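Asks: Below is the file start_25.csv, which contains CSV, C-alpha atoms and all ligand atoms.
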chain,number,residue,atom,x,y,z
A,22,MET,CA,124.4,111.1,108.4
A,23,ASN,CA,126.4,111.6,105.2
A,24,LEU,CA,126.4,107.9,104.6
A,25,ILE,CA,122.6,107.6,105.0
A,26,ARG,CA,122.1,110.6,102.6
A,27,LEU,CA,124.4,109.2,100.0
A,28,SER,CA,122.7,105.8,100.1
A,29,PHE,CA,119.3,107.4,99.8
A,30,TRP,CA,120.3,109.4,96.7
A,31,THR,CA,122.1,106.4,95.2
A,32,VAL,CA,118.8,104.4,95.5
A,33,ILE,CA,116.8,107.2,93.9
A,34,PHE,CA,119.4,107.5,91.1
A,35,PHE,CA,119.4,103.9,90.2
A,36,PHE,CA,115.6,103.6,90.4
A,37,GLU,CA,115.4,106.3,87.8
A,38,VAL,CA,118.2,104.9,85.6
A,39,PHE,CA,117.0,101.4,85.6
A,40,GLY,CA,113.3,102.3,85.8
A,41,CYS,CA,112.6,99.8,88.5
A,42,ALA,CA,109.2,101.1,89.3
A,43,ASN,CA,108.2,100.7,85.7
A,44,ALA,CA,109.8,97.3,85.0
A,45,TYR,CA,106.5,95.5,84.8
A,46,VAL,CA,104.8,97.4,81.9
A,47,PHE,CA,105.3,95.4,78.7
A,48,ILE,CA,104.5,95.8,75.0
A,49,ASN,CA,102.4,92.8,75.0
A,50,GLU,CA,101.0,92.5,71.4
A,51,VAL,CA,101.3,94.4,68.1
A,52,GLU,CA,99.1,94.4,65.1
A,53,LEU,CA,101.2,95.9,62.3
A,54,ASN,CA,99.3,94.4,59.3
A,55,PRO,CA,95.6,94.2,60.1
A,56,SER,CA,93.0,92.7,57.9
A,57,GLY,CA,92.0,95.2,55.2
A,58,ASP,CA,93.5,98.7,55.0
A,59,ASP,CA,96.2,99.3,57.6
A,60,ASP,CA,95.3,103.0,57.7
A,61,GLY,CA,93.8,103.6,61.2
A,62,ALA,CA,93.6,99.9,62.0
A,63,GLU,CA,97.1,99.2,63.5
A,64,TRP,CA,97.3,98.9,67.3
A,65,VAL,CA,99.6,98.1,70.2
A,66,GLU,CA,98.6,96.4,73.5
A,67,LEU,CA,100.4,97.1,76.8
A,68,TYR,CA,100.2,94.8,79.8
A,69,ASN,CA,100.8,95.6,83.5
A,70,SER,CA,102.2,92.5,85.1
A,71,GLY,CA,103.2,94.3,88.3
A,72,PRO,CA,101.4,94.7,91.6
A,73,GLU,CA,101.0,98.5,91.3
A,74,ILE,CA,98.7,100.9,89.5
A,75,MET,CA,100.9,102.6,87.0
A,76,ASN,CA,100.7,106.2,85.8
A,77,LEU,CA,101.7,106.3,82.1
A,78,THR,CA,101.2,110.0,81.7
A,79,GLY,CA,103.9,111.3,79.3
A,80,TRP,CA,104.8,107.8,78.1
A,81,GLU,CA,104.8,107.1,74.4
A,82,LEU,CA,105.3,104.5,71.7
A,83,GLN,CA,108.0,104.8,69.1
A,84,ASN,CA,109.1,102.6,66.2
A,85,ASN,CA,112.2,101.9,64.2
A,86,GLY,CA,114.0,105.3,63.9
A,87,SER,CA,112.5,106.6,67.2
A,88,THR,CA,109.4,107.9,65.2
A,89,LEU,CA,106.5,108.7,67.4
A,90,LEU,CA,103.7,106.2,67.0
A,91,SER,CA,101.4,107.4,69.8
A,92,ASP,CA,101.2,109.2,73.1
A,93,ILE,CA,99.8,107.1,75.9
A,94,ASN,CA,98.6,109.3,78.8
A,95,ALA,CA,96.9,106.6,80.8
A,96,ASP,CA,97.0,107.7,84.4
A,97,ASP,CA,95.5,104.5,86.0
A,98,PHE,CA,96.9,101.4,84.5
A,99,TYR,CA,95.8,98.6,86.8
A,100,PRO,CA,97.7,95.3,87.6
A,101,ASN,CA,96.9,92.5,85.1
A,102,GLU,CA,95.2,95.1,82.8
A,103,HIS,CA,95.5,95.1,79.0
A,104,LEU,CA,95.7,98.6,77.5
A,105,LEU,CA,94.8,98.8,73.8
A,106,ILE,CA,96.4,101.8,71.9
A,107,PRO,CA,95.0,102.3,68.4
A,108,LEU,CA,97.4,104.0,66.0
A,109,SER,CA,96.3,106.7,63.7
A,110,GLY,CA,97.3,106.5,60.0
A,111,SER,CA,99.5,103.7,58.8
A,112,LYS,CA,102.7,103.9,60.8
A,113,LEU,CA,104.1,100.4,61.3
A,114,ARG,CA,106.0,99.0,58.4
A,115,ASN,CA,105.0,95.4,57.7
A,116,LEU,CA,108.6,94.3,57.1
A,117,GLY,CA,111.5,95.0,59.5
A,118,ASP,CA,109.9,97.2,62.1
A,119,PHE,CA,109.8,97.1,65.9
A,120,VAL,CA,108.1,99.0,68.7
A,121,ILE,CA,109.7,100.8,71.7
A,122,LEU,CA,107.9,101.9,74.9
A,123,VAL,CA,109.4,105.1,76.3
A,124,ASN,CA,108.6,106.5,79.7
A,125,SER,CA,108.0,110.2,80.7
A,126,LEU,CA,111.8,110.6,81.2
A,127,SER,CA,112.5,109.4,77.7
A,128,ILE,CA,113.9,106.1,79.0
A,129,PRO,CA,113.2,103.0,76.9
A,130,MET,CA,111.2,100.6,79.1
A,131,ASP,CA,110.5,97.8,76.7
A,132,THR,CA,111.0,96.9,73.0
A,133,THR,CA,109.8,94.2,70.7
A,134,PRO,CA,112.1,92.1,68.5
A,135,ASP,CA,112.1,92.9,64.8
A,136,ILE,CA,108.6,91.8,63.7
A,137,ASN,CA,107.3,91.1,60.2
A,138,ASP,CA,103.8,90.5,58.9
A,139,THR,CA,103.8,90.4,55.1
A,140,VAL,CA,100.7,88.2,54.8
A,141,GLY,CA,99.0,89.5,51.6
A,142,SER,CA,99.4,93.0,50.4
A,143,SER,CA,99.3,96.2,52.5
A,144,LYS,CA,95.5,96.0,52.2
A,145,SER,CA,94.9,92.4,52.8
A,146,GLY,CA,96.5,91.2,56.1
A,147,ASP,CA,94.9,88.8,58.4
A,148,LEU,CA,93.9,88.6,62.1
A,149,ARG,CA,97.2,87.3,63.3
A,150,THR,CA,99.4,89.5,65.5
A,151,TRP,CA,102.7,89.4,67.2
A,152,GLN,CA,102.3,88.7,70.9
A,153,ARG,CA,104.0,87.7,74.1
A,154,ILE,CA,102.7,84.3,75.3
A,155,PRO,CA,101.9,84.2,78.1
A,156,ASP,CA,101.3,87.9,78.9
A,157,GLY,CA,104.5,89.7,79.7
A,158,GLY,CA,106.5,86.6,78.9
A,159,ASN,CA,109.7,86.5,76.9
A,160,GLU,CA,108.5,84.4,73.9
A,161,TRP,CA,106.9,86.1,70.9
A,162,GLN,CA,104.5,84.2,68.7
A,163,PHE,CA,102.5,85.1,65.5
A,164,VAL,CA,99.0,83.9,66.2
A,165,GLU,CA,95.4,85.1,66.1
A,166,GLY,CA,95.1,88.5,67.8
A,167,THR,CA,93.5,89.1,71.2
A,168,PRO,CA,93.2,92.9,71.4
A,169,GLY,CA,92.6,94.2,74.9
A,170,ALA,CA,92.5,90.7,76.3
A,171,THR,CA,94.9,88.1,77.6
A,172,ASN,CA,97.2,86.4,75.1
A,173,GLY,CA,96.6,82.9,76.5
A,174,GLU,CA,97.3,80.3,79.1
A,175,GLY,CA,99.7,81.0,81.9
A,176,SER,CA,99.0,84.8,81.9
A,177,GLY,CA,99.4,87.0,84.9
A,178,GLY,CA,102.2,87.7,87.2
A,179,ALA,CA,104.9,87.3,84.6
A,180,ILE,CA,108.2,88.8,85.5
A,181,PRO,CA,111.0,90.4,83.5
A,182,GLU,CA,113.9,88.3,82.2
A,183,PHE,CA,116.1,89.6,85.0
A,184,PRO,CA,114.7,91.2,88.1
A,185,SER,CA,116.1,94.7,87.5
A,186,PHE,CA,115.8,95.8,91.1
A,187,ILE,CA,118.6,93.4,92.0
A,188,VAL,CA,121.2,95.5,90.1
A,189,PRO,CA,120.7,98.8,91.9
A,190,MET,CA,120.3,97.1,95.3
A,191,LEU,CA,123.6,95.3,94.8
A,192,ILE,CA,125.3,98.5,93.8
A,193,VAL,CA,123.9,100.3,96.9
A,194,PHE,CA,125.1,97.6,99.2
A,195,LEU,CA,128.5,97.5,97.6
A,196,SER,CA,128.8,101.3,97.7
A,197,ILE,CA,128.2,101.6,101.4
A,198,PRO,CA,131.7,100.5,102.6
A,199,LEU,CA,133.3,102.6,99.8
A,200,ALA,CA,131.2,105.6,100.7
A,201,GLY,CA,132.2,105.2,104.3
A,202,ARG,CA,135.8,105.1,103.4
A,203,PHE,CA,135.6,108.3,101.3
A,204,ALA,CA,133.5,110.0,103.9
A,205,GLY,CA,136.0,109.1,106.6
A,206,ILE,CA,133.3,107.2,108.6
A,301,CA,CA,101.3,98.3,58.6
A,302,CA,CA,96.1,90.5,73.9
Represent the supplied structure as structure tokens.

Replies:
Amino acid sequence: MNLIRLSFWTVIFFFEVFGCANAYVFINEVELNPSGDDDGAEWVELYNSGPEIMNLTGWELQNNGSTLLSDINADDFYPNEHLLIPLSGSKLRNLGDFVILVNSLSIPMDTTPDINDTVGSSKSGDLRTWQRIPDGGNEWQFVEGTPGATNGEGSGGAIPEFPSFIVPMLIVFLSIPLAGRFAGI
């Protein structure tokens, strides 16, 4: 019984630590230097590449320096859906910034690379954005924006670079004989 209980809590612990249930929500596209005035025109797009409806209540976007960009609070984020999050004010620096997606437990779930968009002045950007192509993929490109829509061919069903559930499952399996030894089973 102790062994079963230990294994159960080990699974719960690592699911929380590694955020397995959240591993398919990506920062999919970022507009940090929109055409015209940036004030009130910047946005971030999220993409759910997983099979489950996700509750993003309490999640938030941050940028370089862990500064709050926006709360999210979307309780029904459907598989293959694109969620557009407009930013108030002018919060994303056009040079040397990045975006972090943080869940309700303050655990970072995704981050962009350093992204720059210095086309024109701060009031004369263009329609290009930084985006994962395909949706949820690992490659970022600076091309014409697709706010709230797919980023292009091959979208749907993308998976993270490394299936994060494998790590906790391996740890659980490896921990069973050790736990049995400590528990005297
Ligand atoms: Ca900006
Ligand atoms: Ca898009």

Asks: Extract, using only C-alpha atoms, all DNA, RNA and protein residues at most 7 Å from Glu81 in chain A, discarding same-chain residues fewer than 3 positions from it, and format them as number ranges by chain.

Replies: A: 91-93, 122-124

Asks: Counting only C-alpha atoms, which of A:Thr139, A:Asn84, A:Asn49, A:Ser109 gets nearest to Leu67 in chain A?

Replies: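 Ranking A:Thr139, A:Asn84, A:Asn49, A:Ser109 by distance to Leu67 in chain A, first place goes to A:Asn49.
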
Asks: Please write as number ranges by chain the list of polymer residues whose atoms come within 10 Å of (106.8, 90.2, 76.8), counting only C-alpha atoms and keeping to the coordinates of the file.

Replies: A: 45-50, 67-68, 70, 131-133, 152-161, 179-182

Asks: Which residues are near ligand CA 302 (chain A) - at most 7 Å, using all atoms listed in the file? Format: as a list in words.

Replies: Asn49, Glu50, Glu66, His103, Gly166, Thr167, Pro168, Gly169, Ala170, Thr171 and Asn172 of chain A

Asks: As an exercise, work out the distance from CA of Ser56 in chain A to CA of Trp80 in chain A in Å and give it to one decimal place.

Replies: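 Computing the Euclidean distance for CA of Ser56 in chain A and CA of Trp80 in chain A yields 27.8 Å.
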
Asks: Distance table requested - chain A against ligand CA 301 (chain A), cut-off 6 Å, only C-alpha atoms and all ligand atoms: one row per qualifying residue with the closest atom pair and its distance in Å to one decimal, ordered by chain and rising residue number, as a tab-separated table.

Replies:
residue	atom	partner	partner_atom	distance
A:Leu53	CA	A:CA301	CA	4.4
A:Asn54	CA	A:CA301	CA	4.4
A:Asp59	CA	A:CA301	CA	5.3
A:Ser111	CA	A:CA301	CA	5.7
A:Leu113	CA	A:CA301	CA	4.4
A:Arg114	CA	A:CA301	CA	4.8
A:Asn115	CA	A:CA301	CA	4.8

Asks: Hey, can you check how far CA of Ser125 in chain A sits from CA of Asp97 in chain A?

Replies: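 CA of Ser125 in chain A sits 14.7 Å away from CA of Asp97 in chain A.
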
Asks: How many Å separate CA of Gly117 in chain A from CA of Gly141 in chain A?

Replies: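 Taking CA of Gly117 in chain A and CA of Gly141 in chain A, their separation equals 15.8 Å.
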
Asks: Find the residues around Ser87 in chain A up to 10 Å (all atoms listed in the file counted), leave out those fewer than 5 positions away in its own chain, and share them as a ChimeraX atom specification.

Replies: /A:82,119-121,123

Asks: Find, counting only C-alpha atoms, the residue in A:Pro107, A:Gly173, A:Pro129, A:Pro134 that gets nearest to Asp60 in chain A.

Replies: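 Of the candidates, the smallest distance to Asp60 in chain A is held by A:Pro107.
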
Asks: Given the choices A:Asn101, A:Asn137, A:Thr150, A:Asn94, which gets closest to Gly79 in chain A if the distance is worked out from only C-alpha atoms?

Replies: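 Of the candidates, the smallest distance to Gly79 in chain A is held by A:Asn94.
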
Asks: Range 98-100 of chain A: which residues within 6 Å, counting all atoms listed in the file, same-chain residues fewer than 4 positions away excluded, as a ChimeraX atom specification?

Replies: /A:69-75

Asks: Tell me which of A:Val51, A:Leu105, A:Ala44, A:Trp64 sits closest to Ile136 in chain A, counting only C-alpha atoms.

Replies: A:Val51
